[in-house]
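This is target00.cif. It holds mmCIF, C-alpha atoms.
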data_input
#
loop_
_atom_site.label_atom_id
_atom_site.label_comp_id
_atom_site.auth_asym_id
_atom_site.auth_seq_id
_atom_site.Cartn_x
_atom_site.Cartn_y
_atom_site.Cartn_z
CA MET A 170 -32.41 -6.10 98.88
CA SER A 171 -30.00 -4.84 96.30
CA GLU A 172 -26.84 -6.49 95.07
CA PRO A 173 -23.50 -5.04 96.21
CA VAL A 174 -22.02 -2.38 93.99
CA LEU A 175 -18.42 -3.33 93.27
CA SER A 176 -17.10 -0.28 91.45
CA ALA A 177 -18.03 3.26 90.58
CA PRO A 178 -19.03 4.21 87.03
CA ALA A 179 -16.16 5.22 84.79
CA SER A 180 -17.71 8.43 83.42
CA ALA A 181 -17.64 11.78 85.21
CA ALA A 182 -21.11 13.07 84.32
CA PRO A 183 -22.45 16.24 85.94
CA LEU A 184 -24.43 15.96 89.16
CA PRO A 185 -28.19 15.72 88.83
CA GLU A 186 -30.01 18.99 89.56
CA PRO A 187 -31.35 19.12 92.16
CA LEU A 188 -29.34 16.66 94.23
CA PRO A 189 -31.26 13.47 95.05
CA ASP A 190 -33.07 13.55 98.39
CA THR A 191 -31.80 10.23 99.71
CA LEU A 192 -29.83 7.23 98.51
CA ALA A 193 -30.81 4.10 100.44
CA ASP A 194 -30.11 0.39 100.62
CA THR A 195 -31.32 -2.51 102.75
CA ILE A 196 -28.61 -4.92 103.87
CA ARG A 197 -28.87 -8.24 105.69
CA ILE A 198 -25.82 -8.78 107.92
CA ASP A 199 -24.73 -12.33 107.08
CA ALA A 200 -23.30 -14.35 109.97
CA ALA A 201 -21.29 -16.47 107.51
CA GLN A 202 -18.93 -13.58 106.67
CA PRO A 203 -15.33 -14.57 107.55
CA LEU A 204 -14.64 -11.20 109.23
CA PHE A 205 -16.85 -12.24 112.16
CA ALA A 206 -14.44 -15.05 113.09
CA GLY A 207 -11.95 -12.59 114.52
CA HIS A 208 -14.19 -9.63 115.38
CA PHE A 209 -14.90 -10.80 118.13
CA PRO A 210 -14.98 -14.55 118.81
CA GLY A 211 -18.05 -15.45 120.86
CA ALA A 212 -19.60 -11.98 120.48
CA PRO A 213 -19.31 -10.95 116.80
CA ILE A 214 -19.89 -7.34 115.75
CA LEU A 215 -19.52 -5.67 112.37
CA PRO A 216 -16.38 -3.47 112.33
CA GLY A 217 -17.02 0.27 112.09
CA VAL A 218 -15.07 0.55 108.84
CA MET A 219 -17.48 -1.94 107.25
CA GLN A 220 -20.45 0.09 108.51
CA LEU A 221 -19.01 3.16 106.80
CA ALA A 222 -18.31 1.12 103.65
CA PHE A 223 -22.08 0.96 103.14
CA ALA A 224 -21.95 4.75 102.60
CA GLN A 225 -19.35 4.27 99.85
CA ARG A 226 -21.62 1.70 98.18
CA LEU A 227 -24.35 4.32 98.07
CA LEU A 228 -21.93 6.96 96.74
CA ASP A 229 -21.08 4.61 93.89
CA ARG A 230 -24.67 5.06 92.65
CA LEU A 231 -24.51 8.87 92.55
CA ASP A 232 -24.07 10.49 89.14
CA GLY A 233 -21.15 12.84 88.51
CA GLY A 234 -18.53 10.49 89.98
CA PRO A 235 -16.81 8.33 90.66
CA TRP A 236 -16.93 9.66 94.24
CA ARG A 237 -14.73 8.65 97.16
CA LEU A 238 -15.21 9.34 100.84
CA ARG A 239 -12.61 11.86 101.98
CA ARG A 240 -13.75 12.85 105.49
CA VAL A 241 -15.81 11.36 108.29
CA GLY A 242 -16.92 13.83 110.94
CA ARG A 243 -19.16 13.73 113.99
CA CYS A 244 -19.46 9.97 113.71
CA LYS A 245 -21.37 8.19 116.45
CA PHE A 246 -21.68 4.44 116.67
CA ALA A 247 -24.80 4.23 118.88
CA ALA A 248 -25.21 0.45 119.03
CA PRO A 249 -23.38 -2.63 117.74
CA VAL A 250 -24.27 -4.16 114.40
CA VAL A 251 -24.42 -7.93 114.82
CA PRO A 252 -24.95 -10.90 112.49
CA GLY A 253 -28.57 -11.53 111.55
CA MET A 254 -29.62 -7.87 111.61
CA THR A 255 -31.34 -6.19 108.69
CA VAL A 256 -30.16 -2.60 108.39
CA SER A 257 -31.03 0.39 106.26
CA ALA A 258 -28.16 2.56 105.01
CA ARG A 259 -29.22 6.11 104.10
CA LEU A 260 -27.07 8.79 102.50
CA VAL A 261 -28.44 12.31 102.08
CA PRO A 262 -26.51 14.70 99.81
CA LEU A 263 -26.67 18.13 101.46
CA ARG A 264 -24.67 20.43 99.20
CA LEU A 265 -21.92 20.62 96.64
CA ARG A 266 -19.19 23.03 97.73
CA ASP A 267 -17.45 25.32 95.24
CA GLU A 268 -14.22 23.32 95.42
CA GLY A 269 -16.06 20.16 94.29
CA TRP A 270 -16.56 18.52 97.68
CA LEU A 271 -19.94 16.97 98.34
CA GLU A 272 -21.26 17.18 101.92
CA LEU A 273 -23.52 14.34 103.07
CA ARG A 274 -25.37 12.96 106.08
CA TYR A 275 -25.18 9.19 106.70
CA GLU A 276 -27.27 6.96 108.90
CA LEU A 277 -27.37 3.23 109.45
CA ARG A 278 -30.63 2.05 111.05
CA ASP A 279 -31.83 -1.25 112.51
CA ILE A 280 -34.99 -2.14 110.60
CA ASP A 281 -35.82 -4.99 113.00
CA ALA A 282 -35.78 -2.62 116.01
CA GLY A 283 -38.18 0.03 114.78
CA ASP A 284 -35.63 1.88 112.65
CA ALA A 285 -33.33 2.64 115.60
CA VAL A 286 -30.21 4.63 114.67
CA LEU A 287 -27.03 2.54 114.80
CA VAL A 288 -24.61 4.98 113.16
CA ARG A 289 -24.87 8.67 112.33
CA ALA A 290 -22.11 10.68 110.62
CA GLU A 291 -21.34 13.76 108.57
CA LEU A 292 -19.34 12.84 105.49
CA SER A 293 -17.52 14.62 102.70
CA ALA A 294 -16.76 13.10 99.33
CA ALA A 295 -14.80 14.26 96.29
CA ARG A 296 -14.55 13.01 92.77
CA ALA A 297 -11.98 10.26 92.55
#

Starting from the file, give its structure as structure tokens.
Amino acid sequence: MSEPVLSAPASAAPLPEPLPDTLADTIRIDAAQPLFAGHFPGAPILPGVMQLAFAQRLLDRLDGGPWRLRRVGRCKFAAPVVPGMTVSARLVPLRLRDEGWLELRYELRDIDAGDAVLVRAELSAARA
């Protein structure tokens, strides 16, 4: 499992050609996180905004940035993410639009349940 990425690189290098196929990370959902105390007591689930934050962590690794999420479209939360799960976050760059927006596909999958899809979304990012 990788360490959390806390900030994007400072340089604005050009994008790699061709775009990388997939950016991925494996994350263990830690029950000790304070956010679970209030979301929801007795039946904790990871808030959706935190599930999408994993996509930003992956974007922070992409050259040509720093990149920031600007749009979330067609987002489906298929199943709850609960403490103790091990998930795989996958971000697939699809294309760079002329105006500098990067279109991406994002999935969060439950590794412990045969790679079942937990979240699927279409995202757009722009240089920060």

Practice problem: Please write as a count of residues only the full residue list that the PyMOL selection byres ((chain A and resi 237) around 6) yields on this file. | Solution: 5

Quiz item: Which one of A:Ala258, A:Met219, A:Cys244, A:Leu271 sits closest to Thr195 in chain A if you count all atoms listed in the file?
Solution: A:Ala258

Practice problem: Step by step: start from the point (-28.7, -12.5, 113.4) in the file's coordinates, keep every protein, DNA or RNA residue that has an atom no farther than 8 Å from it, count all atoms listed in the file, and write the set as number ranges by chain. | Solution: A: 198-200, 251-254

Practice problem: Find the residues around Leu277 in chain A up to 9 Å (all atoms listed in the file counted), leave out those fewer than 6 positions away in its own chain, and share them as a PyMOL selection string. | Solution: chain A and resi 220-221+223-224+256-260+284-289

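Using all atoms listed in the file for every distance, the candidate list A:Pro203, A:Gly283, A:Pro262, A:Gly269 yields A:Pro262 as the residue closest to Asp190 in chain A.
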
Have range 242-264 of chain A completed to N, CA and C atoms, please, and pass it along as a compact mmCIF listing (two decimals), keeping the file's coordinate frame.
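Written out: rebuild10.txt:
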# COMPACT_ATOMS: atom_id res chain seq x y z
N GLY A 242 -16.87 12.93 109.79
CA GLY A 242 -16.92 13.83 110.94
C GLY A 242 -18.15 13.55 111.79
N ARG A 243 -18.05 13.91 113.05
CA ARG A 243 -19.16 13.73 113.99
C ARG A 243 -19.81 12.36 113.86
N CYS A 244 -18.98 11.34 113.87
CA CYS A 244 -19.46 9.97 113.71
C CYS A 244 -19.77 9.38 115.08
N LYS A 245 -20.97 8.83 115.20
CA LYS A 245 -21.37 8.19 116.45
C LYS A 245 -21.88 6.79 116.14
N PHE A 246 -21.23 5.82 116.76
CA PHE A 246 -21.68 4.44 116.67
C PHE A 246 -22.54 4.20 117.91
N ALA A 247 -23.87 4.25 117.75
CA ALA A 247 -24.80 4.23 118.88
C ALA A 247 -25.06 2.83 119.43
N ALA A 248 -24.94 1.82 118.59
CA ALA A 248 -25.21 0.45 119.03
C ALA A 248 -24.45 -0.50 118.09
N PRO A 249 -24.11 -1.68 118.60
CA PRO A 249 -23.38 -2.63 117.74
C PRO A 249 -24.26 -3.18 116.63
N VAL A 250 -23.62 -3.48 115.51
CA VAL A 250 -24.27 -4.16 114.40
C VAL A 250 -23.80 -5.60 114.46
N VAL A 251 -24.75 -6.52 114.60
CA VAL A 251 -24.42 -7.93 114.82
C VAL A 251 -25.00 -8.79 113.70
N PRO A 252 -24.44 -10.00 113.53
CA PRO A 252 -24.95 -10.90 112.49
C PRO A 252 -26.45 -11.16 112.68
N GLY A 253 -27.14 -11.26 111.55
CA GLY A 253 -28.57 -11.53 111.55
C GLY A 253 -29.43 -10.28 111.46
N MET A 254 -28.86 -9.11 111.70
CA MET A 254 -29.62 -7.87 111.61
C MET A 254 -29.93 -7.54 110.15
N THR A 255 -31.03 -6.81 109.97
CA THR A 255 -31.34 -6.19 108.69
C THR A 255 -31.26 -4.69 108.93
N VAL A 256 -30.39 -4.03 108.17
CA VAL A 256 -30.16 -2.60 108.39
C VAL A 256 -30.50 -1.81 107.13
N SER A 257 -30.77 -0.54 107.34
CA SER A 257 -31.03 0.39 106.26
C SER A 257 -29.93 1.44 106.27
N ALA A 258 -29.18 1.53 105.17
CA ALA A 258 -28.16 2.56 105.01
C ALA A 258 -28.78 3.70 104.23
N ARG A 259 -28.62 4.94 104.75
CA ARG A 259 -29.22 6.11 104.10
C ARG A 259 -28.16 7.21 103.98
N LEU A 260 -28.04 7.74 102.79
CA LEU A 260 -27.07 8.79 102.50
C LEU A 260 -27.83 9.96 101.89
N VAL A 261 -27.72 11.12 102.53
CA VAL A 261 -28.44 12.31 102.08
C VAL A 261 -27.43 13.35 101.60
N PRO A 262 -27.36 13.62 100.29
CA PRO A 262 -26.51 14.70 99.81
C PRO A 262 -27.06 16.04 100.28
N LEU A 263 -26.23 16.85 100.93
CA LEU A 263 -26.67 18.13 101.46
C LEU A 263 -26.33 19.30 100.55
N ARG A 264 -25.06 19.36 100.11
CA ARG A 264 -24.67 20.43 99.20
C ARG A 264 -23.35 20.12 98.55
